[in-house]
Each structure stands twice: as structure tokens, then as C-alpha cells.
>>> print(open('run.cif').read())   # mmCIF, C-alpha atoms (C1' of nucleotides)
data_run
#
loop_
_atom_site.label_atom_id
_atom_site.label_comp_id
_atom_site.auth_asym_id
_atom_site.auth_seq_id
_atom_site.Cartn_x
_atom_site.Cartn_y
_atom_site.Cartn_z
CA MET P 1 -7.01 -32.49 -13.21
CA PRO P 2 -6.34 -29.96 -15.85
CA LYS P 3 -9.15 -29.37 -18.27
CA VAL P 4 -8.75 -27.35 -21.39
CA GLY P 5 -10.27 -23.96 -22.01
CA VAL P 6 -10.27 -22.99 -18.37
CA GLU P 7 -8.34 -19.79 -18.82
CA PRO P 8 -11.24 -17.37 -19.19
CA ILE P 9 -13.06 -18.90 -16.24
CA ARG P 10 -10.01 -18.66 -14.05
CA LYS P 11 -9.30 -15.13 -15.10
CA ALA P 12 -12.84 -14.09 -14.37
CA ALA P 13 -12.70 -15.77 -10.98
CA LEU P 14 -9.48 -13.96 -10.19
CA VAL P 15 -10.89 -10.62 -11.22
CA ASN P 16 -13.92 -11.10 -9.02
CA ALA P 17 -11.81 -12.29 -6.14
CA THR P 18 -9.57 -9.27 -6.52
CA ILE P 19 -12.49 -6.89 -6.31
CA ALA P 20 -13.83 -8.72 -3.30
CA GLU P 21 -10.52 -8.77 -1.47
CA VAL P 22 -9.69 -5.17 -2.20
CA GLY P 23 -13.12 -4.28 -0.92
CA ARG P 24 -12.62 -6.29 2.22
CA ALA P 25 -9.26 -4.74 2.96
CA GLY P 26 -10.19 -1.29 1.75
CA SER P 27 -6.80 -1.01 0.13
CA LEU P 28 -4.44 -2.64 -2.32
CA ASP P 29 -2.65 -4.23 0.60
CA VAL P 30 -3.92 -7.67 -0.16
CA THR P 31 -1.72 -10.57 -1.00
CA VAL P 32 -1.92 -12.45 -4.23
CA SER P 33 -2.35 -15.56 -2.10
CA GLN P 34 -5.48 -14.18 -0.46
CA ILE P 35 -6.96 -13.38 -3.84
CA ALA P 36 -6.02 -16.72 -5.32
CA LYS P 37 -7.38 -18.55 -2.31
CA ARG P 38 -10.72 -16.81 -2.63
CA ALA P 39 -10.75 -17.71 -6.30
CA GLY P 40 -10.05 -21.31 -5.37
CA MET P 41 -6.55 -21.72 -6.74
CA SER P 42 -2.92 -21.30 -5.89
CA SER P 43 -1.12 -18.00 -5.99
CA ALA P 44 1.21 -19.42 -8.61
CA LEU P 45 -1.71 -19.80 -10.96
CA ALA P 46 -2.70 -16.20 -10.48
CA HIS P 47 0.79 -15.19 -11.48
CA HIS P 48 0.64 -17.58 -14.36
CA TYR P 49 -2.42 -15.88 -15.80
CA PHE P 50 -1.78 -12.26 -14.96
CA GLY P 51 1.96 -11.95 -14.60
CA ASP P 52 1.96 -9.65 -11.64
CA LYS P 53 -0.24 -8.12 -9.04
CA GLU P 54 -0.62 -4.77 -10.72
CA SER P 55 -1.96 -6.31 -13.92
CA LEU P 56 -4.47 -8.19 -11.87
CA PHE P 57 -5.71 -4.98 -10.25
CA LEU P 58 -5.90 -3.26 -13.58
CA ALA P 59 -7.92 -6.12 -15.03
CA ALA P 60 -10.29 -5.82 -12.10
CA MET P 61 -10.70 -2.12 -12.66
CA ARG P 62 -11.23 -2.62 -16.36
CA HIS P 63 -14.01 -5.00 -15.43
CA ILE P 64 -15.67 -2.45 -13.17
CA LEU P 65 -15.45 0.19 -15.86
CA THR P 66 -16.93 -2.18 -18.38
CA LEU P 67 -19.89 -2.89 -16.13
CA TYR P 68 -20.41 0.78 -15.53
CA GLY P 69 -20.28 1.50 -19.24
CA ALA P 70 -22.83 -1.20 -19.90
CA GLU P 71 -25.12 0.24 -17.28
CA VAL P 72 -24.95 3.65 -18.89
CA ARG P 73 -25.60 2.27 -22.37
CA GLY P 74 -28.46 0.21 -21.02
CA ALA P 75 -30.07 3.23 -19.45
CA LEU P 76 -29.58 5.26 -22.59
CA VAL P 77 -31.51 3.00 -24.91
CA MET P 78 -34.58 3.46 -22.73
CA ALA P 79 -34.40 7.23 -22.80
CA HIS P 80 -36.22 9.48 -25.23
CA GLY P 81 -34.89 12.92 -25.91
CA SER P 82 -31.81 14.74 -24.69
CA LYS P 83 -33.05 15.56 -21.24
CA GLU P 84 -34.12 12.04 -20.48
CA ARG P 85 -30.81 10.81 -21.75
CA LEU P 86 -28.94 13.12 -19.41
CA GLN P 87 -31.07 11.93 -16.53
CA ALA P 88 -30.36 8.36 -17.50
CA ILE P 89 -26.61 8.96 -17.42
CA ILE P 90 -26.88 10.51 -14.01
CA ARG P 91 -29.00 7.69 -12.62
CA ALA P 92 -26.65 5.09 -14.02
CA SER P 93 -23.80 6.65 -12.06
CA PHE P 94 -25.53 6.06 -8.78
CA THR P 95 -26.93 2.57 -9.04
CA ALA P 96 -26.68 0.19 -6.13
CA ALA P 97 -23.97 -1.72 -7.97
CA ASN P 98 -21.74 1.33 -8.04
CA PHE P 99 -22.10 1.86 -4.31
CA ARG P 100 -21.10 -1.57 -3.20
CA GLY P 101 -18.26 -1.20 -0.73
CA GLU P 102 -16.02 -3.18 -3.02
CA VAL P 103 -16.60 -0.89 -5.94
CA VAL P 104 -16.06 2.23 -3.90
CA SER P 105 -12.84 0.79 -2.62
CA ALA P 106 -11.70 -0.08 -6.10
CA TRP P 107 -12.40 3.42 -7.33
CA LEU P 108 -10.55 5.15 -4.51
CA ASN P 109 -7.53 2.97 -4.92
CA PHE P 110 -7.77 3.44 -8.65
CA TYR P 111 -7.48 7.18 -8.15
CA VAL P 112 -4.34 6.69 -6.12
CA MET P 113 -2.92 4.40 -8.75
CA ALA P 114 -3.72 6.80 -11.55
CA GLN P 115 -1.12 9.17 -10.19
CA THR P 116 1.75 6.89 -11.01
CA VAL P 117 0.70 3.93 -13.12
CA PRO P 118 0.36 4.93 -16.77
CA GLU P 119 -2.18 2.26 -17.61
CA ALA P 120 -4.37 3.34 -14.72
CA ARG P 121 -4.16 6.93 -15.81
CA ARG P 122 -5.07 5.87 -19.32
CA LEU P 123 -8.14 4.00 -18.13
CA LEU P 124 -9.23 6.89 -15.98
CA GLY P 125 -8.85 9.19 -18.95
CA ILE P 126 -11.10 6.96 -20.99
CA TYR P 127 -13.77 7.02 -18.32
CA GLN P 128 -13.56 10.79 -18.00
CA ARG P 129 -13.69 11.41 -21.72
CA ARG P 130 -16.57 9.05 -22.21
CA LEU P 131 -18.64 10.69 -19.51
CA ARG P 132 -17.79 14.11 -20.86
CA SER P 133 -18.70 13.24 -24.40
CA ASN P 134 -21.94 11.57 -23.32
CA LEU P 135 -22.98 14.63 -21.41
CA LEU P 136 -21.85 16.97 -24.12
CA SER P 137 -23.76 15.36 -26.93
CA ASP P 138 -27.04 15.66 -25.06
CA LEU P 139 -26.34 19.05 -23.59
CA ARG P 140 -25.55 20.65 -26.88
CA PRO P 141 -29.09 20.53 -28.28
CA LEU P 142 -30.38 21.92 -25.00
CA VAL P 143 -27.96 24.66 -24.03
CA GLY P 144 -25.88 25.22 -27.13
CA ARG P 145 -22.68 27.13 -26.50
CA ASN P 146 -23.03 26.60 -22.76
CA ALA P 147 -22.75 22.88 -23.21
CA LEU P 148 -19.05 22.70 -22.60
CA ARG P 149 -19.12 24.43 -19.29
CA ALA P 150 -22.25 22.58 -18.25
CA ALA P 151 -20.64 19.24 -19.05
CA ASP P 152 -17.61 20.01 -16.93
CA SER P 153 -19.80 21.17 -14.14
CA LEU P 154 -22.06 18.14 -14.20
CA GLY P 155 -19.13 15.78 -14.50
CA ALA P 156 -17.53 17.34 -11.46
CA ILE P 157 -20.75 17.15 -9.48
CA ILE P 158 -21.19 13.51 -10.33
CA ASP P 159 -17.69 12.63 -9.18
CA GLY P 160 -17.95 14.88 -6.16
CA VAL P 161 -21.29 13.56 -5.01
CA TYR P 162 -20.09 10.02 -5.47
CA LEU P 163 -16.99 10.66 -3.42
CA ARG P 164 -18.91 12.30 -0.62
CA GLN P 165 -21.60 9.67 -0.50
CA ALA P 166 -19.04 6.91 -0.56
CA LEU P 167 -17.04 8.43 2.28
CA GLY P 168 -19.85 10.00 4.25
CA GLN P 169 -20.29 9.09 7.88
CA SER P 170 -23.68 7.52 7.25
CA GLN P 171 -24.81 4.96 4.72
CA PRO P 172 -24.85 6.26 1.17
CA ASP P 173 -28.23 7.66 0.18
CA ARG P 174 -28.55 6.98 -3.51
CA ALA P 175 -31.84 8.75 -3.92
CA ALA P 176 -30.44 11.91 -2.37
CA ALA P 177 -27.37 11.72 -4.56
CA VAL P 178 -29.42 11.40 -7.72
CA ALA P 179 -31.75 14.18 -6.61
CA LEU P 180 -28.85 16.53 -6.02
CA VAL P 181 -27.33 15.95 -9.44
CA LEU P 182 -30.66 16.03 -11.26
CA ASP P 183 -31.27 19.31 -9.56
CA ALA P 184 -27.96 20.63 -10.77
CA LEU P 185 -28.91 19.48 -14.23
CA ASP P 186 -32.14 21.43 -14.07
CA ALA P 187 -30.20 24.48 -12.96
CA GLU P 188 -27.87 24.18 -15.92
CA LEU P 189 -30.74 23.74 -18.35
CA ALA P 190 -32.62 26.67 -16.93
CA ARG P 191 -29.60 28.90 -17.32
CA GLY P 192 -28.52 27.60 -20.66
CA MET P 193 -31.83 28.23 -22.30
CA ALA P 194 -32.18 31.78 -21.00
CA MET B 1 24.67 15.46 19.94
CA PRO B 2 21.34 15.59 21.68
CA LYS B 3 20.03 19.02 22.47
CA VAL B 4 17.01 19.59 24.57
CA GLY B 5 13.67 20.81 23.33
CA VAL B 6 14.15 19.21 19.97
CA GLU B 7 10.94 17.22 19.99
CA PRO B 8 8.70 19.70 18.20
CA ILE B 9 11.36 20.39 15.58
CA ARG B 10 11.85 16.72 14.93
CA LYS B 11 8.17 16.05 14.75
CA ALA B 12 7.66 18.86 12.30
CA ALA B 13 10.56 17.62 10.19
CA LEU B 14 9.06 14.14 10.15
CA VAL B 15 5.65 15.43 9.18
CA ASN B 16 7.11 17.40 6.30
CA ALA B 17 9.25 14.51 5.20
CA THR B 18 6.22 12.24 5.27
CA ILE B 19 4.27 14.54 3.01
CA ALA B 20 7.21 14.83 0.66
CA GLU B 21 7.82 11.09 0.48
CA VAL B 22 4.19 10.19 0.05
CA GLY B 23 4.06 12.74 -2.73
CA ARG B 24 7.13 11.31 -4.36
CA ALA B 25 5.84 7.75 -4.23
CA GLY B 26 2.25 8.68 -4.92
CA SER B 27 1.17 6.17 -2.33
CA LEU B 28 1.53 5.18 1.27
CA ASP B 29 4.07 2.60 0.20
CA VAL B 30 6.97 4.46 1.66
CA THR B 31 9.17 3.11 4.35
CA VAL B 32 9.67 4.78 7.67
CA SER B 33 13.37 4.72 6.89
CA GLN B 34 12.90 6.77 3.74
CA ILE B 35 10.91 9.32 5.65
CA ALA B 36 13.35 9.43 8.53
CA LYS B 37 16.29 9.76 6.19
CA ARG B 38 14.72 12.71 4.45
CA ALA B 39 14.09 14.27 7.82
CA GLY B 40 17.73 13.69 8.72
CA MET B 41 17.40 11.09 11.39
CA SER B 42 17.17 7.36 11.96
CA SER B 43 13.99 5.38 11.55
CA ALA B 44 14.17 4.44 15.20
CA LEU B 45 13.74 8.06 16.12
CA ALA B 46 10.66 8.35 13.97
CA HIS B 47 9.16 5.45 15.84
CA HIS B 48 10.25 7.01 19.09
CA TYR B 49 8.27 10.16 18.38
CA PHE B 50 5.23 8.81 16.60
CA GLY B 51 4.91 5.23 17.72
CA ASP B 52 3.95 3.78 14.41
CA LYS B 53 3.69 4.56 10.75
CA GLU B 54 -0.01 5.15 10.70
CA SER B 55 0.17 7.80 13.38
CA LEU B 56 2.84 9.53 11.38
CA PHE B 57 0.62 9.64 8.29
CA LEU B 58 -2.28 10.90 10.30
CA ALA B 59 -0.14 13.64 11.80
CA ALA B 60 0.88 14.64 8.29
CA MET B 61 -2.72 14.79 7.16
CA ARG B 62 -3.70 16.78 10.23
CA HIS B 63 -1.02 19.24 9.26
CA ILE B 64 -2.36 19.58 5.73
CA LEU B 65 -5.86 20.09 7.03
CA THR B 66 -4.61 22.71 9.44
CA LEU B 67 -2.91 24.63 6.67
CA TYR B 68 -6.01 24.44 4.53
CA GLY B 69 -8.15 25.67 7.40
CA ALA B 70 -5.80 28.57 7.96
CA GLU B 71 -5.95 29.49 4.31
CA VAL B 72 -9.72 29.56 4.41
CA ARG B 73 -9.79 31.66 7.55
CA GLY B 74 -7.23 34.01 6.09
CA ALA B 75 -9.27 34.51 2.97
CA LEU B 76 -12.41 35.04 5.00
CA VAL B 77 -11.15 37.96 7.03
CA MET B 78 -10.54 39.88 3.82
CA ALA B 79 -14.04 39.30 2.50
CA HIS B 80 -16.98 41.64 2.93
CA GLY B 81 -20.47 40.30 2.70
CA SER B 82 -21.80 36.81 2.22
CA LYS B 83 -21.12 36.50 -1.46
CA GLU B 84 -17.53 37.59 -1.17
CA ARG B 85 -17.07 35.19 1.69
CA LEU B 86 -18.37 32.32 -0.42
CA GLN B 87 -16.03 33.29 -3.20
CA ALA B 88 -13.17 33.42 -0.75
CA ILE B 89 -13.90 29.90 0.47
CA ILE B 90 -13.93 28.63 -3.09
CA ARG B 91 -10.70 30.37 -4.02
CA ALA B 92 -9.00 29.06 -0.91
CA SER B 93 -9.80 25.52 -1.98
CA PHE B 94 -7.85 25.91 -5.18
CA THR B 95 -4.68 27.70 -4.17
CA ALA B 96 -1.36 26.62 -5.59
CA ALA B 97 -0.48 25.08 -2.23
CA ASN B 98 -3.43 22.71 -2.46
CA PHE B 99 -2.42 21.53 -5.90
CA ARG B 100 1.13 20.57 -5.09
CA GLY B 101 1.60 16.98 -6.13
CA GLU B 102 2.40 16.06 -2.57
CA VAL B 103 -0.83 17.47 -1.27
CA VAL B 104 -2.91 15.81 -3.96
CA SER B 105 -1.25 12.54 -3.16
CA ALA B 106 -1.90 12.96 0.52
CA TRP B 107 -5.57 13.65 -0.11
CA LEU B 108 -6.12 10.68 -2.37
CA ASN B 109 -4.44 8.33 0.02
CA PHE B 110 -6.35 9.93 2.84
CA TYR B 111 -9.59 9.04 1.09
CA VAL B 112 -8.50 5.44 0.86
CA MET B 113 -7.51 5.41 4.50
CA ALA B 114 -10.79 6.95 5.57
CA GLN B 115 -12.56 3.77 4.57
CA THR B 116 -10.95 1.73 7.29
CA VAL B 117 -9.00 3.85 9.76
CA PRO B 118 -11.36 5.45 12.26
CA GLU B 119 -9.12 8.41 12.98
CA ALA B 120 -8.83 9.16 9.28
CA ARG B 121 -12.58 8.97 8.91
CA ARG B 122 -12.96 11.29 11.86
CA LEU B 123 -10.62 13.85 10.35
CA LEU B 124 -12.36 13.69 7.02
CA GLY B 125 -15.67 14.20 8.76
CA ILE B 126 -14.32 17.31 10.42
CA TYR B 127 -13.18 18.73 7.09
CA GLN B 128 -16.52 17.97 5.46
CA ARG B 129 -18.54 19.45 8.27
CA ARG B 130 -16.43 22.56 8.43
CA LEU B 131 -16.76 23.21 4.72
CA ARG B 132 -20.46 22.58 4.86
CA SER B 133 -21.03 24.85 7.78
CA ASN B 134 -18.89 27.59 6.23
CA LEU B 135 -20.88 27.46 3.04
CA LEU B 136 -24.17 27.20 4.85
CA SER B 137 -23.70 30.22 7.05
CA ASP B 138 -23.05 32.46 4.07
CA LEU B 139 -25.62 30.86 1.83
CA ARG B 140 -28.43 31.23 4.29
CA PRO B 141 -28.67 35.02 4.07
CA LEU B 142 -28.59 34.79 0.28
CA VAL B 143 -30.82 31.89 -0.61
CA GLY B 144 -32.71 31.10 2.58
CA ARG B 145 -34.36 27.70 2.59
CA ASN B 146 -32.37 26.67 -0.47
CA ALA B 147 -29.16 27.01 1.47
CA LEU B 148 -28.95 23.39 2.50
CA ARG B 149 -29.20 21.97 -0.96
CA ALA B 150 -26.93 24.66 -2.35
CA ALA B 151 -24.27 23.88 0.24
CA ASP B 152 -24.31 20.20 -0.61
CA SER B 153 -24.13 20.98 -4.26
CA LEU B 154 -21.25 23.43 -3.94
CA GLY B 155 -19.37 21.13 -1.61
CA ALA B 156 -19.67 18.33 -4.11
CA ILE B 157 -18.54 20.53 -6.96
CA ILE B 158 -15.52 21.68 -5.01
CA ASP B 159 -14.44 18.14 -4.24
CA GLY B 160 -15.29 16.95 -7.73
CA VAL B 161 -13.43 19.71 -9.51
CA TYR B 162 -10.44 19.19 -7.27
CA LEU B 163 -10.38 15.50 -7.98
CA ARG B 164 -10.65 15.99 -11.72
CA GLN B 165 -8.05 18.68 -11.88
CA ALA B 166 -5.70 16.69 -9.73
CA LEU B 167 -6.06 13.60 -11.89
CA GLY B 168 -6.56 15.22 -15.25
CA GLN B 169 -4.25 14.35 -18.09
CA SER B 170 -2.89 17.87 -18.30
CA GLN B 171 -1.49 20.18 -15.68
CA PRO B 172 -4.11 21.42 -13.23
CA ASP B 173 -5.59 24.72 -14.31
CA ARG B 174 -6.44 26.53 -11.12
CA ALA B 175 -8.05 29.48 -12.78
CA ALA B 176 -10.40 27.25 -14.73
CA ALA B 177 -11.25 25.31 -11.60
CA VAL B 178 -12.10 28.44 -9.66
CA ALA B 179 -14.09 29.83 -12.59
CA LEU B 180 -16.16 26.68 -12.83
CA VAL B 181 -17.08 26.67 -9.16
CA LEU B 182 -17.69 30.41 -9.00
CA ASP B 183 -19.98 29.95 -11.90
CA ALA B 184 -21.86 27.22 -10.11
CA LEU B 185 -22.14 29.56 -7.15
CA ASP B 186 -23.69 32.24 -9.33
CA ALA B 187 -26.13 29.70 -10.66
CA GLU B 188 -27.15 28.74 -7.14
CA LEU B 189 -27.57 32.33 -6.10
CA ALA B 190 -29.61 33.19 -9.18
CA ARG B 191 -31.94 30.31 -8.49
CA GLY B 192 -32.15 30.77 -4.76
CA MET B 193 -33.22 34.36 -5.00
CA ALA B 194 -35.89 33.78 -7.58
"C1'" DG R 1 29.90 15.46 40.30
"C1'" DT R 2 26.69 12.14 40.13
"C1'" DT R 3 21.99 11.12 38.84
"C1'" DT R 4 18.17 11.70 35.84
"C1'" DT R 5 16.06 12.93 31.79
"C1'" DT R 6 16.04 13.49 26.90
"C1'" DG R 7 17.83 12.45 22.45
"C1'" DT R 8 19.74 9.19 19.41
"C1'" DT R 9 21.10 5.21 16.71
"C1'" DG R 10 23.02 0.57 14.93
"C1'" DA R 11 21.77 -3.74 15.03
"C1'" DT R 12 18.46 -7.11 15.26
"C1'" DT R 13 14.17 -9.61 15.07
"C1'" DG R 14 10.40 -11.53 13.20
"C1'" DA R 15 7.22 -11.67 9.85
"C1'" DC R 16 5.60 -11.43 5.50
"C1'" DG R 17 5.01 -11.53 0.53
"C1'" DA R 18 5.97 -11.19 -4.68
"C1'" DG R 19 7.49 -13.76 -8.12
"C1'" DT R 20 10.02 -18.11 -9.94
"C1'" DC R 21 10.65 -22.91 -10.97
"C1'" DA R 22 10.70 -27.63 -11.36
"C1'" DA R 23 7.70 -31.16 -11.43
"C1'" DT R 24 3.04 -33.30 -12.07
"C1'" DT R 25 -1.24 -34.35 -14.28
"C1'" DA R 26 -4.35 -34.67 -17.88
"C1'" DA R 27 -6.11 -33.61 -22.14
"C1'" DC R 28 -5.42 -33.13 -27.30
"C1'" DT R 29 -2.78 -34.33 -31.67
"C1'" DT R 30 -0.75 -37.23 -35.00
"C1'" DA L 1 1.85 -44.59 -28.25
"C1'" DA L 2 4.58 -40.90 -28.29
"C1'" DG L 3 4.81 -36.08 -28.17
"C1'" DT L 4 2.95 -31.58 -27.39
"C1'" DT L 5 0.44 -28.31 -24.94
"C1'" DA L 6 -2.42 -26.41 -21.08
"C1'" DA L 7 -3.26 -26.47 -16.23
"C1'" DT L 8 -1.63 -26.63 -11.79
"C1'" DT L 9 0.89 -26.44 -7.50
"C1'" DG L 10 4.33 -26.84 -3.44
"C1'" DA L 11 8.34 -25.27 -2.27
"C1'" DC L 12 11.66 -21.95 -2.46
"C1'" DT L 13 14.28 -17.55 -3.11
"C1'" DC L 14 15.11 -13.13 -2.22
"C1'" DG L 15 14.09 -9.09 -0.57
"C1'" DT L 16 11.76 -5.94 2.37
"C1'" DC L 17 10.32 -3.53 6.35
"C1'" DA L 18 7.91 -2.29 10.81
"C1'" DA L 19 8.99 -2.31 15.27
"C1'" DT L 20 12.10 -3.20 19.30
"C1'" DC L 21 16.11 -2.88 22.19
"C1'" DA L 22 20.27 -2.14 24.29
"C1'" DA L 23 23.49 1.14 24.62
"C1'" DC L 24 25.52 5.56 24.28
"C1'" DA L 25 25.75 10.87 24.53
"C1'" DA L 26 24.72 15.17 26.36
"C1'" DA L 27 22.31 18.36 28.92
"C1'" DA L 28 19.76 19.53 33.24
"C1'" DA L 29 18.95 18.85 38.03
"C1'" DC L 30 20.37 18.15 42.50
#
>>> encode(input="run.cif", output="C-alpha cells")
Amino acid sequence: MPKVGVEPIRKAALVNATIAEVGRAGSLDVTVSQIAKRAGMSSALAHHYFGDKESLFLAAMRHILTLYGAEVRGALVMAHGSKERLQAIIRASFTAANFRGEVVSAWLNFYVMAQTVPEARRLLGIYQRRLRSNLLSDLRPLVGRNALRAADSLGAIIDGVYLRQALGQSQPDRAAAVALVLDALDAELARGMA
Amino acid sequence: MPKVGVEPIRKAALVNATIAEVGRAGSLDVTVSQIAKRAGMSSALAHHYFGDKESLFLAAMRHILTLYGAEVRGALVMAHGSKERLQAIIRASFTAANFRGEVVSAWLNFYVMAQTVPEARRLLGIYQRRLRSNLLSDLRPLVGRNALRAADSLGAIIDGVYLRQALGQSQPDRAAAVALVLDALDAELARGMA
DNA sequence: GTTTTTGTTGATTGACGAGTCAATTAACTT
DNA sequence: AAGTTAATTGACTCGTCAATCAACAAAAAC
């Protein structure tokens, strides 16, 4: 019963199913059939739309990065002043959405992929540069020439805290994560202004 | 040509070959045969000694963690006073050995594995707790009640900087990595003593 | 000098999975 | 109504690979 104009719906369904399945398995060791089944179609159709498995994963990761970017932009429009903007960026990195098991799984596997798959490395680079430039532009008015170092430091803390929360023995504690990074931000500001 | 007492040699060869192959592939998608071949034996022998593939990977990761632990301990005996000890721990985390592509690869895949394989999670927990307790014991005399937060913060920076250096677009810059974390340490100390 | 233990492998099994293809159905066009 | 295009799948190909096993070799033990 083929209807026309289904492509975007199917693609979206496949992307969501990919994220869900990768989250369930905790790794990229999921079959295209499993993904397609969850998306309610045959594996052949998944191949039809995405070509191969890797492209499907990359599309899924692009989707996650898009959502994250939107979250950051959304938080930014509500913020007044550089400091609030920096806090907004930090908070956006630790929303509940970003700590869903599926998303964590996607990120970790994405890191692995970035070692060898050029497109994955490219995407990761975009994420890193965007975060860096966001931090930088609001740090500069506050700490001037220390902005560069502060941005690297904050970026590293964000990634590090995320990693540790995601892989910690207990449930991730978002509030604690945010508190830790906000605290680091205060430290940087205090130093930078001195 | 079986000689006796070969078991430890073979196991060590397999562990090294595993690290090398995982590094080459950038993922755990390496066959036992590839590993065994590199170690100069048949895949059957690898199974004979380690049972299954997963155990072999875990043994490899245990080996990496052991080396890292030794490096930290080695650096610590040379250090006088709490601050020097903290600096030693930081430097040990960014030695050339830890930035070999193979080691980076092992770590990233280890993170993925830690999500689902209990033994991997256990090992990761040991690493995290050891780092934390190392930092804590030397932070306490310097920053007192701030030690706990400072340890979490430094731990996160270490992991975060490592991750970013390992996956950065350019070659890892160990000196810059160390400088960044040492700087964060100074910031913590300056605050903690105030 | 025969038995036992340890080391070793080629060959095999059994399962699985990515990607292709031919064929089918229905909608849109002219 | 005939032709084109999009949607869709079952079945199949081709390769791969983890794990097992039977058998063989050599050293150690008795």
C-alpha cells in the first residue's frame, strides 16, 4: 500500500529506532533488521533509504546533535548577560534528555566511531567548535585574555563530568553535575577578573 | 613444538596483540584470528587460554590499567609534598604511553563496554575510585573541606581533557593538556585556601 | 618406556547478518 | 489506459566469525 511522500516519515522512524536500539544494546552491534523491525518496516527498506548501516548511525547522531544544539539555542534566548548565557549553556548540556541511556550510548559509540570514520570525526569537530565558540564569545567580555584558556577548561569539564556521570556506578545526578560545572565557571570568572 | 611453562608468555603475547589490533581497527570489531595471528599462534590457542573474546579484551584492559597505575605510583614516589604529588598524578595521566593510538582506542571501547559488561564496569569503577582517592588524600591537607568538590572537579577535567585531546582534529598536545589541568589545580588551590 | 600433562592446531560447525534483487502494489501523470 | 515513479518486501547470496573438537607433539613423571 505505498503512499507517496512517506520518505521523511520513514527516515525519521528509522533514526528514532536506531537510537532506541543502540541504547538497548549499548553498542553498535545491532542488526539493521532489529532497527527496521522497531521502525515497523523491512530491513530492505532501511537499506533503500539509507544505503548502509553506517549512514543510518550517522543520521541518528546528527539528529541527536541537532536536538542538543536546539536546546542550547533555546536556553540562550532566555538568558540576559554573558554570565547567564554561560550558565545557560552549561545547564543545556545536562538536561534530562541528554542523560537518557540511549543518548549516552549514542555518544560513547560516536566517540569510538570518530576515531576511524571521517564523517563522524567531522561531526564531532563541529560539536566541539560550536561549544568552544559559544563559551568563548561570552567569556571574552568577562575575563578578556583569559577567555581562551577558560573556554578549553570549561569545555573539558563539561565533557568530563558528562562522561563520569554517564558511566558512574549510581544513577546520574544532573543537579550535582550542573553544580560542579557552574562552580568551575565561578572559579574561572573569579580568577579572570583579578 | 610445545615447551612447558609457556602459558604466561602466550597470555602476555595475546594481551599485547589484542591491544595492538584494537588500536589498528579502532574498535572491538577484530577477530580472534587476527589477534592470534599477530601473537603468532592459532585462534584455537587464544580460546584455549582465555575462553572467549570478551575475557581477552578485559585482560587487555586490565593490563592497561595496571600500567597506568604503575606510572602513577612511580611518579608519586618522586614527589615531595601534597602539591607536588597532585602534579605528579596529573602528569602521569598524560604521558606519551597513555596517548598511543592503541591505548586511546582501548579506553574509548572500554567506556562503551562499561555500559553493559559488569566486569568492565567494575574495572572502570576501580580506576575512578583510585583516582579520586589519590586526589582526595593530597587535596585534603591543602584545601580542607573543599577537597571533595575539588577532587571531583579535577577528576572530571582529567578525563575531559584526555577525551578531547584523544579525539581532537590535530595531534594530541600533551604539554598543553598537562598545562590546562595544572592550571585548574592552581585555581582550586587558590580558592580552597582563601 | 609408558603414561600423563601441557601445548598446539587444522578443520569444522553453526549461526548470523549486511546488502542485493526481482517482483509487487499503488499512486500520480499524460 | 498506458506508462512512470515511489514504496515495499521476501528471499537469497555471500561472507564472516566465535567457539569446539579431535588429534597430534613433546616434555615431565613414574
>>> interface_residues(input="run.cif", of="chain R", to="chain B", cutoff="7 Å", atoms="only C-alpha atoms (C1' of nucleotides)", output="PyMOL selection string")
chain R and resi 6-9
>>> write_last_selection(input="run.cif", atoms="C-alpha atoms (C1' of nucleotides)", output="PDB file, keeping the file's coordinate frame")
ATOM      1  C1'  DT R   6      16.040  13.490  26.900  1.00  0.00           C
ATOM      2  C1'  DG R   7      17.830  12.450  22.450  1.00  0.00           C
ATOM      3  C1'  DT R   8      19.740   9.190  19.410  1.00  0.00           C
ATOM      4  C1'  DT R   9      21.100   5.210  16.710  1.00  0.00           C
TER       5       DT R   9
END
>>> residues_around(input="run.cif", residues="range 80-87 of chain P", least_positions_apart="5", cutoff="8 Å", atoms="all atoms listed in the file", output="list in words")
Ala75, Leu135, Asp138, Leu139, Pro141, Leu142 and Leu182 of chain P
>>> resolve_selection(input="run.cif", expression="the PyMOL selection byres ((chain R and resi 10-22) around 9)", output="mmCIF file with C-alpha atoms (C1' of nucleotides), keeping the file's coordinate frame")
data_model
loop_
_atom_site.group_PDB
_atom_site.id
_atom_site.type_symbol
_atom_site.label_atom_id
_atom_site.label_comp_id
_atom_site.auth_asym_id
_atom_site.auth_seq_id
_atom_site.Cartn_x
_atom_site.Cartn_y
_atom_site.Cartn_z
ATOM 1 C CA THR P 31 -1.720 -10.570 -1.000
ATOM 2 C CA VAL P 32 -1.920 -12.450 -4.230
ATOM 3 C CA SER P 33 -2.350 -15.560 -2.100
ATOM 4 C CA ALA P 44 1.210 -19.420 -8.610
ATOM 5 C CA HIS P 47 0.790 -15.190 -11.480
ATOM 6 C CA GLY P 51 1.960 -11.950 -14.600
ATOM 7 C CA ASP P 52 1.960 -9.650 -11.640
ATOM 8 C CA LYS P 53 -0.240 -8.120 -9.040
ATOM 9 C "C1'" DT R 9 21.100 5.210 16.710
ATOM 10 C "C1'" DA R 23 7.700 -31.160 -11.430
ATOM 11 C "C1'" DC L 12 11.660 -21.950 -2.460
ATOM 12 C "C1'" DT L 13 14.280 -17.550 -3.110
ATOM 13 C "C1'" DT L 16 11.760 -5.940 2.370
ATOM 14 C "C1'" DA L 19 8.990 -2.310 15.270
ATOM 15 C "C1'" DT L 20 12.100 -3.200 19.300
ATOM 16 C "C1'" DC L 21 16.110 -2.880 22.190
#
>>> interface_residues(input="run.cif", of="chain L", to="chain P", cutoff="10 Å", atoms="only C-alpha atoms (C1' of nucleotides)", output="count of residues only")
6
>>> interface_residues(input="run.cif", of="chain B", to="chain P", cutoff="10 Å", atoms="all atoms listed in the file", output="PyMOL selection string")
chain B and resi 23-29+101+104-117+121-122+124-125+128+149-150+152-169+177+179-181+183-184+187-188+190-191
>>> atom_distance(input="run.cif", atom1="CA of Ala20 in chain B", atom2="CA of Ala120 in chain B")
19.1 Å
>>> closest_residue(input="run.cif", among="B:Met61, B:Leu136, B:Ala96, B:Leu189", to="Asp173 in chain B", atoms="all atoms listed in the file")
B:Ala96
>>> atom_distance(input="run.cif", atom1="CA of Phe99 in chain P", atom2="CA of Val22 in chain P")
14.4 Å
>>> resolve_selection(input="run.cif", expression="the PyMOL selection byres ((chain R and resi 30) around 12)", output="number ranges by chain")
R: 28-29; L: 1-4
>>> atom_distance(input="run.cif", atom1="CA of Ser55 in chain B", atom2="CA of Ser170 in chain P")
24.6 Å
>>> resolve_selection(input="run.cif", expression="the PyMOL selection byres ((chain B and resi 92) around 10)", output="PyMOL selection string")
chain B and resi 68-76+86-91+93-98+178
